[in-house]
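Have a look at the structure below before the remarks.
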Amino acid sequence: MITYDLIQGSKEWSLHRSKFLRNASDTPAMLGISPHKKRSELMHERYTGISPEPSEFTQRIFTKGHRFEALARPLAEAIIGDELFPCIGSLGEFSASFDGLTMCEQSAFEHKTLTDQLRVSIPTDDHSANIGAALPEYYRAQMEHQALVSNANHVLFMASVWDDNDALIEERHCYYLPDPVMRARIVAGWVQFEKDLLEYVPPAALPAPAVGVAPDQLPALLIEPGTEITQAQCDAFEFAVDRIIASVPKALVTDVDFETAALVVKSFVESESKIAEYQAALQKQNPALVMFIRVDAKISAMRLTLKKLVDARKEARKIEIAQSGIDDVQAHYKAINAGMPKYKLDLPGTLRTDMGMCLRSLKTVSTMQEAVRNKVADYKSAASQREIEIRSRLDEFAIACVGFEFLFTDWVDLITSKNLEDLRNCIAARIVSYKAVQAEKLRVEAEQKALNEQRIAERKKAADAELERRELFDKHRAEAARINAEANELRLQAEHEEAAQKIAADAAETERLRQVYFTQPSPHLAVLPPRPPEPRIKLGDITARLAPIQFTAADLAALGIHHVEVDRAAKLYEASDFFRICTALETVIFKAKTAVIMVRL
């Protein structure tokens, strides 16, 4: 806030006020709630730059009010607990005069002369409740304007009255706390006032009020008890009545017709009273009595007809004034909606009712027109305030929702039902929630992708392991085949060597015997002992040795080992065949084991 060292009421102060349209003391009049100045009067003053000079009586009231204010300021300082400084301040286009303001500008002071109305508004000294909210609306509007300019936390409102010796007679006070609703109404009201001021056309010289034509007066008759009225007098009187009735306008078109009809109705009421007096003065039946009865019926019928026309005209003018206000408000809403293609302000449903209600109990056209103008200004201010709110929300929506418009299909409801702060929170919450959902979706997709990659890697690893196992199996099988071939080769070689050794041994033994028996004859024929037979073993003994393995002679024959003789039912094998049987079984078992390993691989 910018402060100015000016004295209220001085020429410098008046010059400063003229530079600012939005002054705190003019706010009630701008809103149409001031009991001292009409909105149209303020409009005319701002357009012409000419303010009416206060009368001597009004100046005395101002002087007394300033004196009471100066006397009450020490009381206010004691209540606030800080020193108060009268000053002038401005904030942008807003200006205000302060009866007192603390140095830190957190507490303001406003003083008024104590009245009965303020005694009702501030009934006690209990300041625990917000009593300031019960103050008259035009006082609250002025203090809200001051709080807007100074950004004060509260305004101490004090009303006092002092005697001529500067002694306190009575004092009441309370705190007014800033009201956001009233502040928005004031801001929008001044915006609308400036728009109206641009379109304001000062009225030309006021035309003379419509004056009706007074009807002709009925001829005077002097009727005394016992006297008679002549037929000529009756004809003249009735002729005058017919002429007056014929001169009455049958349709009320102009204001002159309207006023003439009103005068005629008033004159006819007087005429009916006079005729009633004439009838009462007549003592006996004569032609005048019949004439008066006939004339009275004519006048009564015309009076009732005119009264209906007058009442209908009054009602029609009231409807016209109300409709003009409705048309003005509708045009204002239409202009606002033309500038906001994405959003449409709806006309209040109570518009027609409110226009009619503001005309109740009003008699004159001027008062009705002023009431309608004030009501229209209220509606326009409310519409402008709503326009400012909606535009700010639309701007906020356009900025904050870029790229996320699909989340706000209900944007019309949001803009209509939420204030700017709630709208911001709602937009932020939805976007954050959407981003969180998308992040969670991306996280799940990443986890699923990683899981799929892991499964693919595991499958590849398993395939590689299977391939390695198969390769190892093939290698082992080839190695087993090689070993088996080598074993068979060694076995055959061993068998061949054994057979060759046996053959060599037999040949050597045969040679030895030949040498003994044929090359060296003995005087005595040497008799060689018989060669002991090869030991025999039964099939049952073989199976007993290899228990729990059981097999038959056919099984041994499949292994290439056959019995050498049969002793009754028992089949006998050479004892050396047991080792051959074990070797054959080992070969079979090794082959079976190798096959199982290959299957597993």
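Ordering of the structure tokens sets the chain letters (A, B, ...); residue numbers start at 1 within each chain; ligands are numbered from 1 in the order shown.
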Could you make a table, as a Markdown table, of the residues of region 11-113 of chain A that have an atom within 10 Å of an atom of region 151-172 of chain A, each with its nearest atom pair and distance in Å to one decimal, counting only C-alpha atoms, in chain and number order?
| residue | atom | partner | partner_atom | distance |
| --- | --- | --- | --- | --- |
| A:Lys64 | CA | A:Trp162 | CA | 9.3 |
| A:Gly65 | CA | A:Val161 | CA | 8.9 |
| A:Arg67 | CA | A:Asp166 | CA | 8.7 |
| A:Phe68 | CA | A:Trp162 | CA | 6.6 |
| A:Glu69 | CA | A:Ser160 | CA | 8.2 |
| A:Leu71 | CA | A:Asp166 | CA | 7.4 |
| A:Ala72 | CA | A:Ser160 | CA | 7.1 |
| A:Arg73 | CA | A:Met158 | CA | 9.2 |
| A:Leu75 | CA | A:Met158 | CA | 9.2 |
| A:Ala76 | CA | A:Leu156 | CA | 7.5 |
| A:Glu77 | CA | A:Leu156 | CA | 9.8 |
| A:Ile79 | CA | A:Leu156 | CA | 8.8 |
| A:Ile80 | CA | A:Leu156 | CA | 7.9 |
| A:Leu91 | CA | A:Asn151 | CA | 9.6 |
| A:Gly100 | CA | A:Leu156 | CA | 9.3 |
| A:Leu101 | CA | A:Ala152 | CA | 8.8 |
| A:Thr102 | CA | A:Ala152 | CA | 9.3 |
| A:Cys104 | CA | A:Ala152 | CA | 8.9 |
| A:Glu105 | CA | A:Ala152 | CA | 5.8 |
| A:Gln106 | CA | A:Ala152 | CA | 4.2 |
| A:Ser107 | CA | A:Ala152 | CA | 5.4 |
| A:Ala108 | CA | A:Val155 | CA | 4.6 |
| A:Phe109 | CA | A:Leu156 | CA | 4.8 |
| A:Glu110 | CA | A:Phe157 | CA | 5.0 |
| A:His111 | CA | A:Met158 | CA | 4.9 |
| A:Lys112 | CA | A:Ala159 | CA | 4.8 |
| A:Thr113 | CA | A:Ala159 | CA | 5.2 |
Checklist entry - Out of region 238-485 of chain A, which residues get alpha helix (DSSP H) from DSSP, as a PyMOL selection string? => result chain A and resi 238-247+255-281+287-338+351-357+365-400+411-417+420-485
Next on the checklist: Report, in Å to a single decimal, how far apart CA of Ile293 (chain A) and CA of Ile244 (chain A) are.
Outcome noted: 17.0 Å
Next on the checklist: So that I can see what lies close to Ala371 (chain A), please list as a ChimeraX atom specification the residues with an atom at most 9 Å from it, counting only C-alpha atoms and leaving out residues fewer than 2 positions away in the same chain.
Outcome noted: /A:32,355,358-359,362,366-369,373-376
Can you spit out the residues from that selection as a PDB file, in the first residue's frame, using C-alpha atoms?
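Ended up saving to part08.pdb:
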ATOM      1  CA  GLY A  32     -26.476   0.657  -4.525  1.00  0.00           C
ATOM      2  CA  MET A 355     -37.064  -7.305 -10.334  1.00  0.00           C
ATOM      3  CA  CYS A 358     -37.595  -4.485  -5.701  1.00  0.00           C
ATOM      4  CA  LEU A 359     -40.590  -2.441  -6.980  1.00  0.00           C
ATOM      5  CA  LEU A 362     -42.718   2.135  -4.543  1.00  0.00           C
ATOM      6  CA  SER A 366     -38.303   7.733 -10.489  1.00  0.00           C
ATOM      7  CA  THR A 367     -37.981   5.601  -7.368  1.00  0.00           C
ATOM      8  CA  MET A 368     -38.928   2.492  -9.320  1.00  0.00           C
ATOM      9  CA  GLN A 369     -36.378   3.269 -12.018  1.00  0.00           C
ATOM     10  CA  ARG A 373     -31.054   0.357 -11.892  1.00  0.00           C
ATOM     11  CA  ASN A 374     -29.555  -0.652  -8.557  1.00  0.00           C
ATOM     12  CA  LYS A 375     -30.835  -4.214  -8.900  1.00  0.00           C
ATOM     13  CA  VAL A 376     -29.497  -4.379 -12.475  1.00  0.00           C
TER      14      VAL A 376
END
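Take the candidates A:Ala96, A:Ala436, A:Ala553, A:Ala507 and check each one against Trp13 (chain A) using only C-alpha atoms; the shortest distance goes to A:Ala96.
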Next on the checklist: Among region 96-162 of chain A, which residues does DSSP mark as strand (DSSP E or B) when it is run on the backbone? Keep the chain and numbering as in the structure and answer as a ChimeraX atom specification.
Outcome noted: /A:96-101,107-113,154-162
